[in-house]
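Q: My structure is in entry_14.csv, and what it holds is CSV, C-alpha atoms:
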```
chain,number,residue,atom,x,y,z
A,23,MET,CA,0.0,0.0,0.0
A,24,SER,CA,1.5,3.4,-1.0
A,25,ILE,CA,0.8,6.6,0.9
A,26,ALA,CA,1.2,9.9,-0.8
A,27,VAL,CA,3.5,12.1,1.3
A,28,THR,CA,4.3,15.8,0.6
A,29,HIS,CA,7.2,17.3,2.5
A,30,GLY,CA,6.8,14.9,5.4
A,31,LEU,CA,3.1,15.6,5.9
A,32,CYS,CA,0.9,12.7,5.4
A,33,CYS,CA,-2.0,13.5,3.0
A,34,PHE,CA,-4.1,10.6,4.1
A,35,PRO,CA,-5.8,10.1,7.5
A,36,PRO,CA,-4.2,7.6,9.9
A,37,ALA,CA,-5.3,3.9,9.7
A,38,GLY,CA,-8.7,3.3,11.1
A,39,PHE,CA,-9.9,6.9,10.7
A,40,ALA,CA,-12.4,6.1,8.0
A,41,THR,CA,-14.1,3.6,10.2
A,42,ALA,CA,-14.2,5.8,13.3
A,43,LYS,CA,-17.5,7.3,14.3
A,44,LEU,CA,-17.8,10.8,13.0
A,45,PRO,CA,-19.8,13.4,15.0
A,46,LYS,CA,-23.3,14.0,13.8
A,47,ARG,CA,-22.9,17.8,13.7
A,48,VAL,CA,-19.9,19.4,12.1
A,49,ASP,CA,-18.9,22.9,13.3
A,50,ARG,CA,-18.8,25.4,10.5
A,51,LEU,CA,-16.1,28.0,10.1
A,52,ARG,CA,-17.1,31.6,10.0
A,53,ALA,CA,-17.6,32.9,6.4
A,54,SER,CA,-17.0,36.6,5.9
A,55,TYR,CA,-18.3,37.5,2.5
A,56,ARG,CA,-18.2,41.2,3.4
A,57,ARG,CA,-14.6,42.4,3.1
A,58,THR,CA,-14.9,45.3,5.6
A,59,GLY,CA,-11.1,45.2,6.2
A,60,GLY,CA,-10.3,45.1,2.5
A,61,VAL,CA,-8.1,42.4,0.9
A,62,ARG,CA,-4.4,41.8,0.8
A,63,HIS,CA,-2.4,40.7,-2.2
A,64,PHE,CA,0.5,38.4,-2.0
A,65,LEU,CA,3.0,38.9,-4.8
A,66,ALA,CA,5.5,36.0,-5.0
A,67,ALA,CA,8.4,34.6,-7.0
A,68,TYR,CA,9.7,31.1,-7.2
A,69,ASP,CA,13.5,30.7,-7.6
A,70,LEU,CA,13.8,27.6,-9.8
A,71,GLU,CA,17.5,27.1,-9.0
A,72,THR,CA,17.2,27.1,-5.2
A,73,GLY,CA,13.6,26.0,-4.9
A,74,THR,CA,12.9,29.1,-2.8
A,75,LEU,CA,9.5,30.8,-2.6
A,76,LEU,CA,9.7,34.6,-2.0
A,77,GLY,CA,6.9,37.0,-1.4
A,78,ARG,CA,5.6,40.3,-0.1
A,79,PHE,CA,2.2,41.6,0.8
A,80,TYR,CA,0.5,44.6,-0.6
A,81,SER,CA,-2.8,46.3,-0.1
A,82,ARG,CA,-3.3,47.0,-3.8
A,83,LYS,CA,-2.3,45.2,-7.0
A,84,THR,CA,-1.4,47.9,-9.5
A,85,TRP,CA,1.7,48.3,-11.7
A,86,ILE,CA,3.2,50.5,-9.0
A,87,GLU,CA,3.1,47.7,-6.4
A,88,PHE,CA,4.3,45.2,-9.0
A,89,LEU,CA,7.3,47.4,-9.8
A,90,ARG,CA,8.1,47.8,-6.1
A,91,PHE,CA,8.0,44.0,-5.9
A,92,LEU,CA,10.3,43.6,-8.9
A,93,GLN,CA,12.7,46.2,-7.3
A,94,TRP,CA,12.7,44.2,-4.1
A,95,LEU,CA,13.3,41.0,-6.0
A,96,ARG,CA,16.2,42.6,-8.0
A,97,ARG,CA,18.0,43.6,-4.8
A,98,ARG,CA,18.1,40.0,-3.7
A,99,TYR,CA,20.2,38.9,-6.7
A,100,PRO,CA,23.6,40.2,-8.0
A,101,ARG,CA,23.1,42.9,-10.7
A,102,ARG,CA,25.4,41.2,-13.1
A,103,GLU,CA,23.0,38.2,-13.3
A,104,VAL,CA,20.2,38.4,-15.8
A,105,LEU,CA,16.9,37.9,-13.8
A,106,HIS,CA,14.5,35.8,-15.9
A,107,ILE,CA,10.9,36.2,-14.8
A,108,VAL,CA,8.0,34.1,-16.1
A,109,MET,CA,4.6,35.7,-15.6
A,110,ASP,CA,1.1,35.9,-17.0
A,111,ASN,CA,-0.5,38.6,-19.1
A,112,TYR,CA,-2.1,40.5,-16.2
A,113,SER,CA,-2.3,44.2,-17.2
A,114,PRO,CA,0.0,45.6,-14.4
A,115,HIS,CA,2.7,43.3,-15.8
A,116,LEU,CA,2.4,44.8,-19.3
A,117,LYS,CA,2.7,48.5,-18.3
A,118,GLU,CA,5.4,50.3,-20.3
A,119,GLU,CA,7.0,51.7,-17.1
A,120,VAL,CA,7.6,48.2,-15.8
A,121,TRP,CA,9.1,47.0,-19.0
A,122,ALA,CA,11.4,50.1,-19.2
A,123,TRP,CA,12.6,49.4,-15.7
A,124,ALA,CA,13.2,45.8,-16.6
A,125,ARG,CA,15.3,46.7,-19.6
A,126,ALA,CA,17.4,49.1,-17.5
A,127,ASN,CA,18.0,46.6,-14.7
A,128,ASN,CA,19.0,43.4,-16.6
A,129,VAL,CA,15.6,41.7,-16.1
A,130,ARG,CA,14.0,39.5,-18.9
A,131,PHE,CA,10.3,38.8,-18.9
A,132,TYR,CA,8.6,35.7,-20.4
A,133,LEU,CA,4.9,35.8,-20.7
A,134,THR,CA,2.8,32.7,-20.6
A,135,PRO,CA,0.0,32.4,-23.2
A,136,SER,CA,-3.5,33.5,-22.2
A,137,ASN,CA,-5.3,30.8,-20.3
A,138,ALA,CA,-2.1,28.8,-19.8
A,139,SER,CA,-1.1,29.8,-16.3
A,140,TRP,CA,-0.3,26.1,-15.7
A,141,LEU,CA,2.9,26.8,-17.7
A,142,ASN,CA,4.2,29.0,-14.9
A,143,ARG,CA,6.0,26.9,-12.2
A,144,ILE,CA,4.9,29.1,-9.4
A,145,GLU,CA,1.3,28.0,-9.8
A,146,CYS,CA,1.9,24.7,-8.1
A,147,GLN,CA,3.6,26.6,-5.3
A,148,PHE,CA,0.4,28.6,-4.8
A,149,VAL,CA,-1.6,25.4,-4.7
A,150,ARG,CA,0.6,24.1,-1.9
A,151,LEU,CA,0.4,27.4,0.0
A,152,LYS,CA,-3.4,27.4,-0.4
A,153,LYS,CA,-3.7,23.7,0.8
A,154,PHE,CA,-1.4,24.1,3.8
A,155,VAL,CA,-2.2,27.6,5.0
A,156,LEU,CA,-5.6,28.8,3.7
A,157,ASP,CA,-7.8,25.7,3.3
A,158,ASN,CA,-10.1,25.2,6.4
A,159,SER,CA,-8.7,28.3,8.1
A,160,ASP,CA,-10.5,31.0,10.0
A,161,TYR,CA,-8.0,33.8,10.4
A,162,GLN,CA,-9.4,36.7,12.4
A,163,SER,CA,-7.3,39.4,10.7
A,164,HIS,CA,-5.1,40.0,7.8
A,165,GLU,CA,-2.1,40.2,10.1
A,166,GLU,CA,-2.8,36.7,11.5
A,167,GLN,CA,-3.2,35.3,7.9
A,168,GLU,CA,0.1,37.0,6.8
A,169,GLN,CA,1.9,35.6,9.8
A,170,ALA,CA,0.7,32.1,8.9
A,171,ILE,CA,1.9,32.5,5.3
A,172,ARG,CA,5.3,33.8,6.5
A,173,ARG,CA,5.6,30.8,8.8
A,174,TYR,CA,4.8,28.5,5.8
A,175,LEU,CA,7.4,30.3,3.7
A,176,ALA,CA,10.0,29.9,6.4
A,177,TRP,CA,9.2,26.2,6.7
A,178,CYS,CA,9.1,25.7,2.9
A,179,ASN,CA,12.4,27.5,2.4
A,180,GLY,CA,14.1,25.8,5.3
A,181,HIS,CA,17.4,24.1,4.6
A,182,ARG,CA,16.5,20.4,4.4
A,183,ALA,CA,18.6,17.7,2.9
A,184,ILE,CA,17.5,17.0,-0.6
A,185,ALA,CA,18.4,13.6,-2.1
A,186,LEU,CA,20.1,13.9,-5.4
A,187,GLN,CA,20.4,10.1,-5.8
A,188,PRO,CA,17.4,7.8,-6.3
A,189,TRP,CA,15.8,6.8,-3.0
A,190,ARG,CA,16.2,3.1,-3.8
A,191,SER,CA,18.6,1.6,-6.2
A,192,SER,CA,17.4,-0.9,-8.8
A,193,PRO,CA,17.6,-4.4,-7.4
A,194,ARG,CA,19.4,-5.6,-10.5
A,195,ARG,CA,22.3,-3.3,-9.9
A,196,ASN,CA,22.7,-4.3,-6.2
A,197,THR,CA,22.6,-8.0,-6.6
A,198,THR,CA,25.1,-10.2,-8.4
A,199,SER,CA,23.8,-12.1,-11.3
A,200,ALA,CA,23.9,-15.9,-11.3
A,201,CYS,CA,26.6,-15.7,-14.1
A,202,HIS,CA,28.9,-13.5,-12.0
A,203,ALA,CA,28.3,-15.5,-8.8
A,204,ALA,CA,29.3,-18.8,-10.5
A,205,ALA,CA,32.5,-17.3,-12.0
```
Output the file's structure in the form of structure tokens.
A:
Amino acid sequence: MSIAVTHGLCCFPPAGFATAKLPKRVDRLRASYRRTGGVRHFLAAYDLETGTLLGRFYSRKTWIEFLRFLQWLRRRYPRREVLHIVMDNYSPHLKEEVWAWARANNVRFYLTPSNASWLNRIECQFVRLKKFVLDNSDYQSHEEQEQAIRRYLAWCNGHRAIALQPWRSSPRRNTTSACHAAA
């Protein structure tokens, strides 16, 4: 029996959970459809070389905030390196001021085709973030939610040993064949 495991967290309930008696009434989480406190935007970048997820929070999502995010991101990497950024065709990304800044600061943009956000590798990072931080949550404030996302980023970007070799070797390579054993 195989169990899917993501970063050490088991995705399936423990054995016997399905047969345990569930309560008759399930408590519901508070749903706040009125956004009296406004919304927050999380702009993020995924470094493909290091596997690091970086992000910042903004109260608005205009080209000005996007440009501030790019400037923050550019400061994290040496200026001599070309910064390659894959992004979608969202209108703040296409603003001429953003592209002029990119040309002047050694940044190259690659736009995904319309309706093809799945081509951008950061999308699967957002799915993980949503699953581990936002699903079934009931944060009382934006600050509480931002703190939870920052904790997730710290955990996700933590220095963990990554196996570069296969987890298990092929049984054929580890055993001697009958021909070699007889010789």
Q: Per residue of range 67-101 of chain A within 8 Å of range 144-151 of chain A, which atom pair is closest and at what distance in Å (one decimal), using only C-alpha atoms, listed by chain and increasing number, as CSV?
A:
```
residue,atom,partner,partner_atom,distance
A:Ala67,CA,A:Ile144,CA,6.9
A:Tyr68,CA,A:Ile144,CA,5.6
A:Leu75,CA,A:Gln147,CA,7.7
```
Q: Find the residues around Val120 in chain A up to 9 Å (only C-alpha atoms counted), leave out those fewer than 6 positions away in its own chain, and share them as a PyMOL selection string.
A: chain A and resi 85-86+88-89+92+114
Q: Take the residues from that selection and put them in a file with C-alpha atoms, as a compact mmCIF listing (two decimals), keeping the file's coordinate frame.
A:
```
# COMPACT_ATOMS: atom_id res chain seq x y z
CA TRP A 85 1.70 48.30 -11.70
CA ILE A 86 3.20 50.50 -9.00
CA PHE A 88 4.30 45.20 -9.00
CA LEU A 89 7.30 47.40 -9.80
CA LEU A 92 10.30 43.60 -8.90
CA PRO A 114 0.00 45.60 -14.40
```
Q: Compile the contact shell of range 127-138 of chain A as a PyMOL selection string: residues with an atom at most 12 Å away, counting only C-alpha atoms, same-chain residues fewer than 3 positions apart removed.
A: chain A and resi 89+92-93+95-97+99-113+115-116+120-124+141-145
Q: Can you tell me, as a PyMOL selection string, what residues are no more than 8 Å from Arg78 in chain A when counting all atoms listed in the file, ignoring any on the same chain fewer than 4 positions away?
A: chain A and resi 64-66+91
Q: Could you tell me how far CA of Trp94 in chain A lies from CA of Gly77 in chain A, in Å and to one decimal?
A: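 The value is 9.6 Å.
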Q: In terms of the shortest atom-to-atom distance over all atoms listed in the file, which of A:Arg125, A:Lys83, A:Arg98, A:Arg90 is closest to Asp69 in chain A?
A: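 Closest candidate: A:Arg98.
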Q: Given the choices A:Lys117, A:Tyr174, A:Arg82, A:Gln169, which gets closest to Lys153 in chain A if the distance is worked out from only C-alpha atoms?
A: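 Looking at the shortest contact to Lys153 in chain A, the residue is A:Tyr174.
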Q: Can you tell me how far CA of Thr74 in chain A sits from CA of Cys178 in chain A, in Å to one decimal?
A: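 Answer for the CA of Thr74 in chain A to CA of Cys178 in chain A separation: 7.6 Å.
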Q: Could you work out how far CA of Leu175 in chain A lies from CA of Leu76 in chain A, giving the answer in Å with one decimal?
A: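 Here the two named atoms are 7.5 Å from each other.
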Q: Generate the missing atoms of range 148-159 of chain A up to all heavy atoms and report them as a CSV table (one decimal), keeping the file's coordinate frame.
A:
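Written file, result.csv:
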```
chain,number,residue,atom,x,y,z
A,148,PHE,N,1.6,28.0,-5.4
A,148,PHE,CA,0.4,28.6,-4.8
A,148,PHE,C,-0.6,27.5,-4.4
A,148,PHE,O,-1.3,27.7,-3.4
A,148,PHE,CB,-0.3,29.5,-5.9
A,148,PHE,CG,0.5,30.8,-6.0
A,148,PHE,CD1,0.5,31.5,-7.2
A,148,PHE,CD2,1.2,31.4,-5.0
A,148,PHE,CE1,1.1,32.7,-7.4
A,148,PHE,CE2,1.9,32.6,-5.2
A,148,PHE,CZ,1.9,33.2,-6.4
A,149,VAL,N,-0.7,26.4,-5.1
A,149,VAL,CA,-1.6,25.4,-4.7
A,149,VAL,C,-1.2,24.8,-3.4
A,149,VAL,O,-2.0,24.6,-2.5
A,149,VAL,CB,-1.7,24.2,-5.8
A,149,VAL,CG1,-2.4,23.0,-5.3
A,149,VAL,CG2,-2.3,24.8,-7.1
A,150,ARG,N,0.1,24.6,-3.2
A,150,ARG,CA,0.6,24.1,-1.9
A,150,ARG,C,0.3,25.1,-0.8
A,150,ARG,O,-0.1,24.7,0.3
A,150,ARG,CB,2.1,23.8,-2.0
A,150,ARG,CG,2.5,22.5,-2.7
A,150,ARG,CD,3.9,22.2,-2.7
A,150,ARG,NE,4.7,23.1,-1.8
A,150,ARG,CZ,6.0,23.1,-1.8
A,150,ARG,NH1,6.7,22.3,-2.6
A,150,ARG,NH2,6.7,23.9,-1.0
A,151,LEU,N,0.6,26.3,-1.1
A,151,LEU,CA,0.4,27.4,0.0
A,151,LEU,C,-1.1,27.4,0.4
A,151,LEU,O,-1.4,27.4,1.5
A,151,LEU,CB,0.8,28.7,-0.6
A,151,LEU,CG,0.8,29.9,0.4
A,151,LEU,CD1,1.9,30.8,0.2
A,151,LEU,CD2,-0.5,30.6,0.3
A,152,LYS,N,-2.0,27.3,-0.6
A,152,LYS,CA,-3.4,27.4,-0.4
A,152,LYS,C,-3.8,26.1,0.5
A,152,LYS,O,-4.6,26.3,1.4
A,152,LYS,CB,-4.2,27.4,-1.7
A,152,LYS,CG,-5.7,27.4,-1.5
A,152,LYS,CD,-6.3,27.5,-2.9
A,152,LYS,CE,-7.8,27.4,-2.8
A,152,LYS,NZ,-8.3,26.1,-2.6
A,153,LYS,N,-3.3,25.0,0.1
A,153,LYS,CA,-3.7,23.7,0.8
A,153,LYS,C,-3.2,23.7,2.2
A,153,LYS,O,-3.9,23.4,3.1
A,153,LYS,CB,-3.0,22.6,0.0
A,153,LYS,CG,-3.5,21.2,0.5
A,153,LYS,CD,-4.9,21.0,0.1
A,153,LYS,CE,-5.3,19.6,0.4
A,153,LYS,NZ,-6.7,19.4,0.2
A,154,PHE,N,-1.9,24.2,2.5
A,154,PHE,CA,-1.4,24.1,3.8
A,154,PHE,C,-1.7,25.2,4.7
A,154,PHE,O,-1.6,25.1,5.9
A,154,PHE,CB,0.2,23.9,3.7
A,154,PHE,CG,0.6,22.6,3.2
A,154,PHE,CD1,1.2,22.4,2.0
A,154,PHE,CD2,0.4,21.4,4.0
A,154,PHE,CE1,1.6,21.2,1.5
A,154,PHE,CE2,0.8,20.2,3.6
A,154,PHE,CZ,1.4,20.1,2.3
A,155,VAL,N,-2.0,26.4,4.1
A,155,VAL,CA,-2.2,27.6,5.0
A,155,VAL,C,-3.6,28.1,4.9
A,155,VAL,O,-4.2,28.5,6.0
A,155,VAL,CB,-1.2,28.7,4.5
A,155,VAL,CG1,-1.4,30.0,5.4
A,155,VAL,CG2,0.2,28.3,4.6
A,156,LEU,N,-4.3,28.1,3.8
A,156,LEU,CA,-5.6,28.8,3.7
A,156,LEU,C,-6.8,27.9,3.8
A,156,LEU,O,-7.8,28.3,4.3
A,156,LEU,CB,-5.6,29.5,2.4
A,156,LEU,CG,-4.5,30.6,2.2
A,156,LEU,CD1,-4.6,31.3,0.8
A,156,LEU,CD2,-4.5,31.6,3.3
A,157,ASP,N,-6.7,26.6,3.3
A,157,ASP,CA,-7.8,25.7,3.3
A,157,ASP,C,-8.2,25.5,4.8
A,157,ASP,O,-7.4,25.2,5.6
A,157,ASP,CB,-7.6,24.4,2.6
A,157,ASP,CG,-7.7,24.5,1.1
A,157,ASP,OD1,-8.0,25.6,0.6
A,157,ASP,OD2,-7.4,23.5,0.4
A,158,ASN,N,-9.5,25.5,5.1
A,158,ASN,CA,-10.1,25.2,6.4
A,158,ASN,C,-9.5,26.1,7.5
A,158,ASN,O,-9.3,25.7,8.6
A,158,ASN,CB,-9.8,23.7,6.8
A,158,ASN,CG,-10.5,22.8,5.9
A,158,ASN,OD1,-11.7,23.1,5.4
A,158,ASN,ND2,-9.9,21.7,5.5
A,159,SER,N,-9.2,27.3,7.1
A,159,SER,CA,-8.7,28.3,8.1
A,159,SER,C,-9.7,29.3,8.4
A,159,SER,O,-10.7,29.5,7.7
A,159,SER,CB,-7.4,29.0,7.5
A,159,SER,OG,-7.8,29.8,6.4
```
